[in-house]
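Chemist: Take a look at the following structure, please.
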Amino acid sequence: MLKKLLFVTALAVIAPTTMVADEGMWLLPFLKQQNTESLKKLGLKLEVDDIYSPDEVSLKDAIVVFGKGCTGEVISDEGLILTNHHCGYSWIQQHSSVEHDYLTDGFWAYSKNEELPTPGLEVRFIDKIVDVTDSIKVAVEENGDPMKAYDLMFLNKMSKRLAGEEFIKANPFVEVVIKPFYGGNKFFMFYQTVYKDVRMVGTPPSSIGKFGYDTDNWMWPRHTGDFSLFRVYTDKDGKAAEYSEENIPMKPKHHLPISLKGIKQGDYSMTIGFPGTTNRYDISEEIIHYRDIVNASRIEMRGVRLETLGELMQADDKVRIQYAAKFASASNYWKNAIGMNRGVKKLSVIDSKLKAEKEYRNWAYTNNMPQYAEALDNMITALRNLYPIKYQRQMITEGLSSAVEFAKVPNADALIKAIESKDKEAIEKEVKAYKAEYAKFNNKDYDPEVDRQVSKAMIKKYLSMFPNEEQRPEIFSFIDKKYKGDTDKFIDDCFNKSIFADSAKFNKFMGKPNAKVLKNDLMLKYANSIRTKVRDLAFASKAYNKDLTLAKQVYIEGLLKMREGTPVYPDANFTIRLSAGQVQPYKPADAVSYNYYTTMEGIFEKEDSTNFEFEVPAKLKEIWQTKDYGRYAEADGTMLVNFISSNDITGGNSGSPVINGNGELIGLAFDGNWEAMSGDIIFEPNMQRTISVDIRYVMLIIEKFAGALNIIDEIDFVE
């Protein structure tokens, strides 16, 4: 194992540092100037230009943004995309029903004609990355408002200006996006092509793809086949296009060959993907916010939501399928919040940050740069002013908005105004628009009776956690007055009387809409009250957020000056990054050591036919009993399932390829480990690990379990 240096200096705790062993989510354009030597020492055999080149085909051309929050990679010259099962989960669920339960049974297309079009699913390829820092800074200065550097509308306008109107018009499937880095001290513009015809090709049953479910989530050892397959289609000229039966499989610039050589301890491992968010530049006060507001509310509120949903899902297969993706999403970061708070406490992260902040102030004053110390103090002041506002908003989000689905009933102000105007044309226009918005709320994955039960539980929990009546949304004054505080009675009336709780009732009403009925509708009254309170809180926090944002920009500028001449990576922001590491075990506690891989034997050690989380398909058991592993096992016949490496990843990296030193695919990243859950705040070099599916286990499932030889035939293997 490479010797890893602990964070022993103040600066090392307060900010990202040079590449020590495996730390860092590195920007691709900087690899050559910052990381060549480090990558080579870790075991990279390729040249850095083979990973990223602005002018030539490189590894980055095989990596995609999958959907809205995951990574995928191209693994064949026919546009076959590999990603995680949990990344494809909502799309698998979209295709599922009680009659065709692909979540439970899996799905395999044995020819391209059987592949399932998946409306709404998109993948994005990064075409070009351009440093536009100077242009943005000039434009911000000319505008006179420093907050424009963080304004999405302003950055969108700048992206169109810098890319050129003619280019934008000529390339309707190309998005040009500008994002800030290093707290707004640097800006990059990303050209990305959006492919909208994406079809589902294959997915194992959840008993493989989610084996261990919530019990094993974020844990090691792991035995999960967390993968799914999709295919990108283009028009006949090979260009991005909307779905059409005439479209053809994509011919990508590059696809990853699959290594069957296996892994061993110390092997080079590299991920390229789209990590979502890290907060390693955060100061102690920000971590307190995250611990006591964001995580605390997630733990308390989602615990109630998950318990209620789980009972309802187990009682009804239709509900189980409808709410599978929602449950998985809520559960993932519920457990993440528990683990992160545990890590913050166990590693004394806040104390370390406080010590580092003291060192930072001393550095600033010693070097006659007091503005940096003042920026840190201004951040703390803004954060303390924000605390009560942020707490209110987070409690509403977790307790009254996200979990209470009818809070998403669409705003009817425009419709009411049209009705009251008695303008027939305006009414028809607004009715059509409102029906479309309602359809987004009351879709196939919504069950009013589930929402009724979850809403009752969530509102009670919110009231128990938030006793300050004056700070609650106005709807609770209405409930106190009309219902004498009986929230269950209020919820029952919502679902018994509201036009929004029943699509037939809604459609009948929209045939002859009435403004008075809308104004008095209980669901709409609740939704409007929540929206109003959130808007008021946003307004109350605006000035403090501005102070915080501008102070943090100066603070990070100071950190960069402290590290001048040394490579420094920026926090993750769902842009393409590289993490380099090695296949390595770890020791989570005294007298406890974890190996770097798991095997098929471990699946059957965990097997429990009475617990759906650990059920094993009969076909997989047969493969294990007969040792029918083909070319995918080790030389001694052992079949690996998952492995761990020291790569630095976070949410958004799900589905990222794990690539060896020769540029070949060896695994599929899908999780982090429990002991390092505070990794988004501080890198934990001795135990932070990426959990991946061994690519040979993926191939075993495709070939031996599914018998999908058509998929195997289009893949390039390296023996």
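Following the order of the structure tokens, first chain is A, next is B, and so on, with residues numbered from 1 inside each chain and ligands from 1 in the order they appear.
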Enumerate the residues of segment 329-498 of chain A with a DSSP assignment of helix (DSSP H, G or I), computed from the backbone, and present them as an MDAnalysis selection string.
Modeler: chainID A and resid 329:346 349:366 370:401 405:408 413:421 424:441 448:465 469:471 475:483 487:497
Chemist: Limited to C-alpha atoms, could you put the picked residues into a file as a compact mmCIF listing (two decimals), in the first residue's frame?
Modeler:
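Result saved to result.txt:
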```
# COMPACT_ATOMS: atom_id res chain seq x y z
CA SER A 329 -33.83 8.01 -3.13
CA ALA A 330 -35.07 9.01 0.33
CA SER A 331 -33.35 6.06 1.99
CA ASN A 332 -29.96 6.62 0.38
CA TYR A 333 -29.31 10.03 1.90
CA TRP A 334 -31.10 9.21 5.14
CA LYS A 335 -28.39 6.64 5.83
CA ASN A 336 -25.76 8.97 4.38
CA ALA A 337 -26.77 11.67 6.89
CA ILE A 338 -26.46 9.22 9.80
CA GLY A 339 -23.01 8.13 8.63
CA MET A 340 -21.79 11.66 7.98
CA ASN A 341 -22.77 12.91 11.43
CA ARG A 342 -21.11 9.87 12.92
CA GLY A 343 -17.91 10.64 11.01
CA VAL A 344 -17.90 14.32 11.93
CA LYS A 345 -18.05 13.38 15.60
CA LYS A 346 -15.67 10.44 15.51
CA VAL A 349 -13.74 17.38 12.24
CA ILE A 350 -15.12 20.60 13.72
CA ASP A 351 -12.28 20.90 16.25
CA SER A 352 -9.79 20.34 13.44
CA LYS A 353 -11.44 23.02 11.33
CA LEU A 354 -11.39 25.51 14.20
CA LYS A 355 -7.69 24.89 14.68
CA ALA A 356 -7.11 25.34 10.95
CA GLU A 357 -9.09 28.59 10.89
CA LYS A 358 -6.86 29.96 13.64
CA GLU A 359 -3.80 29.09 11.55
CA TYR A 360 -5.39 30.73 8.50
CA ARG A 361 -5.97 33.98 10.38
CA ASN A 362 -2.38 33.96 11.64
CA TRP A 363 -1.12 33.43 8.08
CA ALA A 364 -3.26 36.29 6.77
CA TYR A 365 -2.10 38.79 9.41
CA THR A 366 1.52 37.65 9.29
CA PRO A 370 -6.01 41.02 6.67
CA GLN A 371 -8.80 40.91 4.06
CA TYR A 372 -8.61 37.12 4.11
CA ALA A 373 -9.03 36.87 7.88
CA GLU A 374 -11.87 39.38 7.67
CA ALA A 375 -13.52 37.23 4.96
CA LEU A 376 -13.47 34.26 7.31
CA ASP A 377 -15.03 36.34 10.10
CA ASN A 378 -17.69 37.64 7.68
CA MET A 379 -18.57 34.08 6.70
CA ILE A 380 -19.10 33.14 10.34
CA THR A 381 -21.32 36.17 10.95
CA ALA A 382 -23.46 35.45 7.87
CA LEU A 383 -23.82 31.78 8.78
CA ARG A 384 -24.94 32.53 12.31
CA ASN A 385 -27.56 34.93 10.96
CA LEU A 386 -28.72 32.28 8.53
CA TYR A 387 -29.00 29.45 11.06
CA PRO A 388 -32.61 30.00 12.27
CA ILE A 389 -33.85 30.76 8.74
CA LYS A 390 -32.14 27.74 7.26
CA TYR A 391 -33.47 25.52 10.04
CA GLN A 392 -37.05 26.58 9.33
CA ARG A 393 -36.65 26.02 5.59
CA GLN A 394 -35.00 22.62 5.94
CA MET A 395 -37.71 21.38 8.30
CA ILE A 396 -40.38 22.49 5.83
CA THR A 397 -38.56 20.86 2.92
CA GLU A 398 -38.13 17.49 4.64
CA GLY A 399 -41.37 17.44 6.63
CA LEU A 400 -44.01 19.33 4.66
CA SER A 401 -42.87 19.56 1.06
CA GLU A 405 -46.72 14.93 -2.25
CA PHE A 406 -49.85 17.07 -2.56
CA ALA A 407 -47.65 20.04 -1.62
CA LYS A 408 -46.75 19.89 -5.32
CA ASP A 413 -53.11 32.03 -9.70
CA ALA A 414 -52.98 32.40 -13.48
CA LEU A 415 -55.99 30.10 -13.93
CA ILE A 416 -58.00 31.96 -11.29
CA LYS A 417 -57.14 35.28 -12.91
CA ALA A 418 -58.26 33.98 -16.31
CA ILE A 419 -61.54 32.65 -14.90
CA GLU A 420 -62.29 35.94 -13.16
CA SER A 421 -61.55 37.86 -16.37
CA LYS A 424 -62.91 32.56 -22.94
CA GLU A 425 -59.66 32.36 -24.92
CA ALA A 426 -57.55 33.05 -21.82
CA ILE A 427 -59.50 30.45 -19.82
CA GLU A 428 -58.98 27.78 -22.49
CA LYS A 429 -55.26 28.55 -22.62
CA GLU A 430 -54.82 28.40 -18.84
CA VAL A 431 -56.97 25.26 -18.48
CA LYS A 432 -54.76 23.46 -21.02
CA ALA A 433 -51.58 24.58 -19.27
CA TYR A 434 -52.95 23.69 -15.84
CA LYS A 435 -53.97 20.21 -16.93
CA ALA A 436 -50.41 19.62 -18.12
CA GLU A 437 -49.01 20.74 -14.75
CA TYR A 438 -51.50 18.60 -12.84
CA ALA A 439 -50.47 15.56 -14.89
CA LYS A 440 -46.91 15.99 -13.60
CA PHE A 441 -48.25 15.83 -10.03
CA PRO A 448 -53.51 9.28 -3.12
CA GLU A 449 -54.01 6.78 -0.30
CA VAL A 450 -50.27 6.43 0.17
CA ASP A 451 -49.93 10.20 0.20
CA ARG A 452 -52.75 10.42 2.77
CA GLN A 453 -51.00 8.08 5.22
CA VAL A 454 -47.50 9.51 4.71
CA SER A 455 -48.80 13.09 5.01
CA LYS A 456 -50.48 12.35 8.34
CA ALA A 457 -47.26 10.92 9.74
CA MET A 458 -45.05 13.69 8.37
CA ILE A 459 -47.16 16.59 9.60
CA LYS A 460 -47.32 15.12 13.09
CA LYS A 461 -43.56 14.68 13.06
CA TYR A 462 -43.02 18.24 11.85
CA LEU A 463 -45.18 19.67 14.63
CA SER A 464 -43.36 17.63 17.25
CA MET A 465 -39.99 18.82 15.94
CA GLU A 469 -46.17 28.26 16.19
CA GLU A 470 -45.23 31.73 14.98
CA GLN A 471 -42.62 30.35 12.59
CA ILE A 475 -51.85 26.73 7.06
CA PHE A 476 -51.37 25.57 10.65
CA SER A 477 -53.25 28.58 12.00
CA PHE A 478 -56.09 27.57 9.67
CA ILE A 479 -55.95 23.97 10.97
CA ASP A 480 -55.93 25.18 14.58
CA LYS A 481 -58.91 27.44 13.97
CA LYS A 482 -61.12 25.21 11.80
CA TYR A 483 -59.99 21.74 12.93
CA THR A 487 -54.21 17.42 11.49
CA ASP A 488 -55.52 13.93 10.66
CA LYS A 489 -59.00 15.38 10.12
CA PHE A 490 -57.54 18.11 7.93
CA ILE A 491 -55.65 15.56 5.82
CA ASP A 492 -58.74 13.37 5.47
CA ASP A 493 -60.76 16.37 4.30
CA CYS A 494 -58.00 17.18 1.80
CA PHE A 495 -58.27 13.76 0.22
CA ASN A 496 -62.06 13.47 0.55
CA LYS A 497 -62.95 16.93 -0.73
```
Chemist: Report as a tab-separated table: every residue of segment 575-641 of chain A with an atom at most 9 Å from segment 268-272 of chain A, its closest pair of atoms, and their distance in Å to one decimal, counting only C-alpha atoms, with rows sorted by chain and ascending residue number.
Modeler:
```
residue	atom	partner	partner_atom	distance
A:Ile576	CA	A:Ile272	CA	6.9
A:Arg577	CA	A:Ile272	CA	5.6
A:Leu578	CA	A:Ile272	CA	4.6
A:Ser579	CA	A:Thr271	CA	5.2
A:Ala580	CA	A:Met270	CA	4.5
A:Gly581	CA	A:Ser269	CA	5.1
A:Gln582	CA	A:Tyr268	CA	4.5
A:Val583	CA	A:Ser269	CA	6.4
```
Chemist: Could the residues in this selection be saved with N, CA and C atoms as a tab-separated table (two decimals), in the first residue's frame?
Modeler:
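Okay, this is what ended up in again03.tsv:
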```
chain	number	residue	atom	x	y	z
A	576	ILE	N	-17.05	16.89	-15.05
A	576	ILE	CA	-16.24	15.69	-15.26
A	576	ILE	C	-14.90	15.81	-14.53
A	577	ARG	N	-14.58	14.78	-13.74
A	577	ARG	CA	-13.36	14.77	-12.93
A	577	ARG	C	-12.69	13.40	-13.00
A	578	LEU	N	-11.41	13.41	-12.67
A	578	LEU	CA	-10.65	12.16	-12.56
A	578	LEU	C	-10.21	11.97	-11.12
A	579	SER	N	-10.31	10.74	-10.65
A	579	SER	CA	-9.74	10.35	-9.36
A	579	SER	C	-8.84	9.15	-9.60
A	580	ALA	N	-7.62	9.23	-9.10
A	580	ALA	CA	-6.67	8.14	-9.28
A	580	ALA	C	-6.37	7.49	-7.94
A	581	GLY	N	-6.32	6.17	-7.92
A	581	GLY	CA	-6.04	5.45	-6.68
A	581	GLY	C	-5.47	4.08	-6.97
A	582	GLN	N	-5.63	3.21	-6.00
A	582	GLN	CA	-5.17	1.83	-6.14
A	582	GLN	C	-6.17	0.89	-5.48
A	583	VAL	N	-6.18	-0.34	-5.95
A	583	VAL	CA	-6.97	-1.39	-5.30
A	583	VAL	C	-6.32	-1.67	-3.95
```
Chemist: Mind the document's chain letters and residue numbers, and return as a ChimeraX atom specification the residues of segment 245-339 of chain A that DSSP labels strand (DSSP E or B).
Modeler: /A:248-249,258-259,268-273
Chemist: Mind giving me the straight-line distance from atom CA of Lys525 of chain A to atom CA of Val404 of chain A in Å, one decimal?
Modeler: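 Going from atom CA of Lys525 of chain A over to atom CA of Val404 of chain A, I get 13.6 Å.
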Chemist: For Tyr597 of chain A, work out the shell of residues within 8 Å, counting only C-alpha atoms and skipping chain neighbours fewer than 5 positions away, then give it as a CSV table (one decimal) with N, CA and C atoms, in the first residue's frame.
Modeler:
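Writing the result to selection.csv gives the following:
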```csv
chain,number,residue,atom,x,y,z
A,221,PRO,N,-18.1,-5.5,3.9
A,221,PRO,CA,-18.1,-6.1,2.6
A,221,PRO,C,-19.5,-6.1,1.9
A,640,LEU,N,-14.9,-13.4,-8.2
A,640,LEU,CA,-15.0,-12.1,-7.4
A,640,LEU,C,-16.3,-11.4,-7.8
A,641,VAL,N,-16.9,-10.7,-6.8
A,641,VAL,CA,-18.1,-9.9,-7.0
A,641,VAL,C,-17.8,-8.4,-6.9
A,642,ASN,N,-17.4,-8.0,-5.8
A,642,ASN,CA,-17.1,-6.5,-5.6
A,642,ASN,C,-15.6,-6.4,-5.1
A,643,PHE,N,-15.1,-5.1,-5.3
A,643,PHE,CA,-13.8,-4.8,-4.8
A,643,PHE,C,-13.7,-3.4,-4.4
A,644,ILE,N,-12.7,-3.0,-3.6
A,644,ILE,CA,-12.6,-1.7,-3.1
A,644,ILE,C,-11.2,-1.1,-3.6
```
Chemist: Taking 4 positions as the minimum chain separation for residues in the same chain, which residues sit within 7 Å of segment 528-533 of chain A when counting only C-alpha atoms? Answer as a PyMOL selection string.
Modeler: chain A and resi 411+473-475+524+537
Chemist: Return the single residue from A:Val319, A:Val177, A:Leu312, A:Met219 that is closest to Ala676 of chain A, with distances computed using only C-alpha atoms.
Modeler: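 Ranking A:Val319, A:Val177, A:Leu312, A:Met219 by distance to Ala676 of chain A, first place goes to A:Met219.
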Chemist: What's the 10 Å shell around Ile287 of chain A, counting only C-alpha atoms, without same-chain residues fewer than 2 positions away, as a PyMOL selection string?
Modeler: chain A and resi 279-280+282-285+289-294+341+344+349-350+353+681
Chemist: Deliver the residues from the most recent selection as a file, using C-alpha atoms, as a CSV table (one decimal), in the first residue's frame.
Modeler:
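Below you can see part09.csv, which holds the result:
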```csv
chain,number,residue,atom,x,y,z
A,279,ASN,CA,-17.7,20.7,0.8
A,280,ARG,CA,-14.0,20.4,1.6
A,282,ASP,CA,-16.3,24.5,4.3
A,283,ILE,CA,-15.4,26.1,7.5
A,284,SER,CA,-16.4,24.9,11.0
A,285,GLU,CA,-19.6,26.9,11.1
A,289,HIS,CA,-25.1,23.8,9.7
A,290,TYR,CA,-24.8,20.6,7.8
A,291,ARG,CA,-24.7,18.4,11.0
A,292,ASP,CA,-27.4,20.2,13.0
A,293,ILE,CA,-29.8,21.3,10.2
A,294,VAL,CA,-29.5,19.4,7.0
A,341,ASN,CA,-22.8,12.9,11.4
A,344,VAL,CA,-17.9,14.3,11.9
A,349,VAL,CA,-13.7,17.4,12.2
A,350,ILE,CA,-15.1,20.6,13.7
A,353,LYS,CA,-11.4,23.0,11.3
A,681,ILE,CA,-16.2,17.3,4.1
```
Chemist: To one decimal place in Å, what is the distance between atom CA of Ser159 of chain A and atom CA of Gly24 of chain A?
Modeler: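 Computing the Euclidean distance for atom CA of Ser159 of chain A and atom CA of Gly24 of chain A yields 27.5 Å.
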Chemist: Please, what distance in Å, to one decimal, runs between atom CA of Met699 of chain A and atom CA of Ile659 of chain A?
Modeler: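 Result for atom CA of Met699 of chain A versus atom CA of Ile659 of chain A: 15.8 Å, one decimal.
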Chemist: Please provide as a list of chain:residue names all residues within 12 Å of Asp237 of chain A, with the sequence filter that same-chain residues fewer than 4 positions apart are discarded (counting only C-alpha atoms).
Modeler: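 Listing them by chain and then by number gives A:Tyr233, A:Ala241, A:Glu246, A:Asn247, A:Ile248, A:Pro249, A:Met250, A:Lys251.
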Chemist: Need to verify the contact set: Asp716 of chain A, 8 Å, only C-alpha atoms, exclusion of same-chain residues closer than 2 positions in sequence. Can you return it as a PyMOL selection string?
Modeler: chain A and resi 75-76+256-258+714+718
Chemist: Could the residues in this selection be written to a file with C-alpha atoms, as a CSV table (one decimal), in the first residue's frame?
Modeler:
```csv
chain,number,residue,atom,x,y,z
A,75,ILE,CA,-18.6,-0.2,-23.7
A,76,SER,CA,-19.2,-1.1,-27.4
A,256,LEU,CA,-13.9,1.1,-23.2
A,257,PRO,CA,-12.4,-2.4,-23.7
A,258,ILE,CA,-13.2,-4.8,-20.9
A,714,GLU,CA,-20.5,-6.7,-29.2
A,718,VAL,CA,-8.8,-8.0,-23.2
```
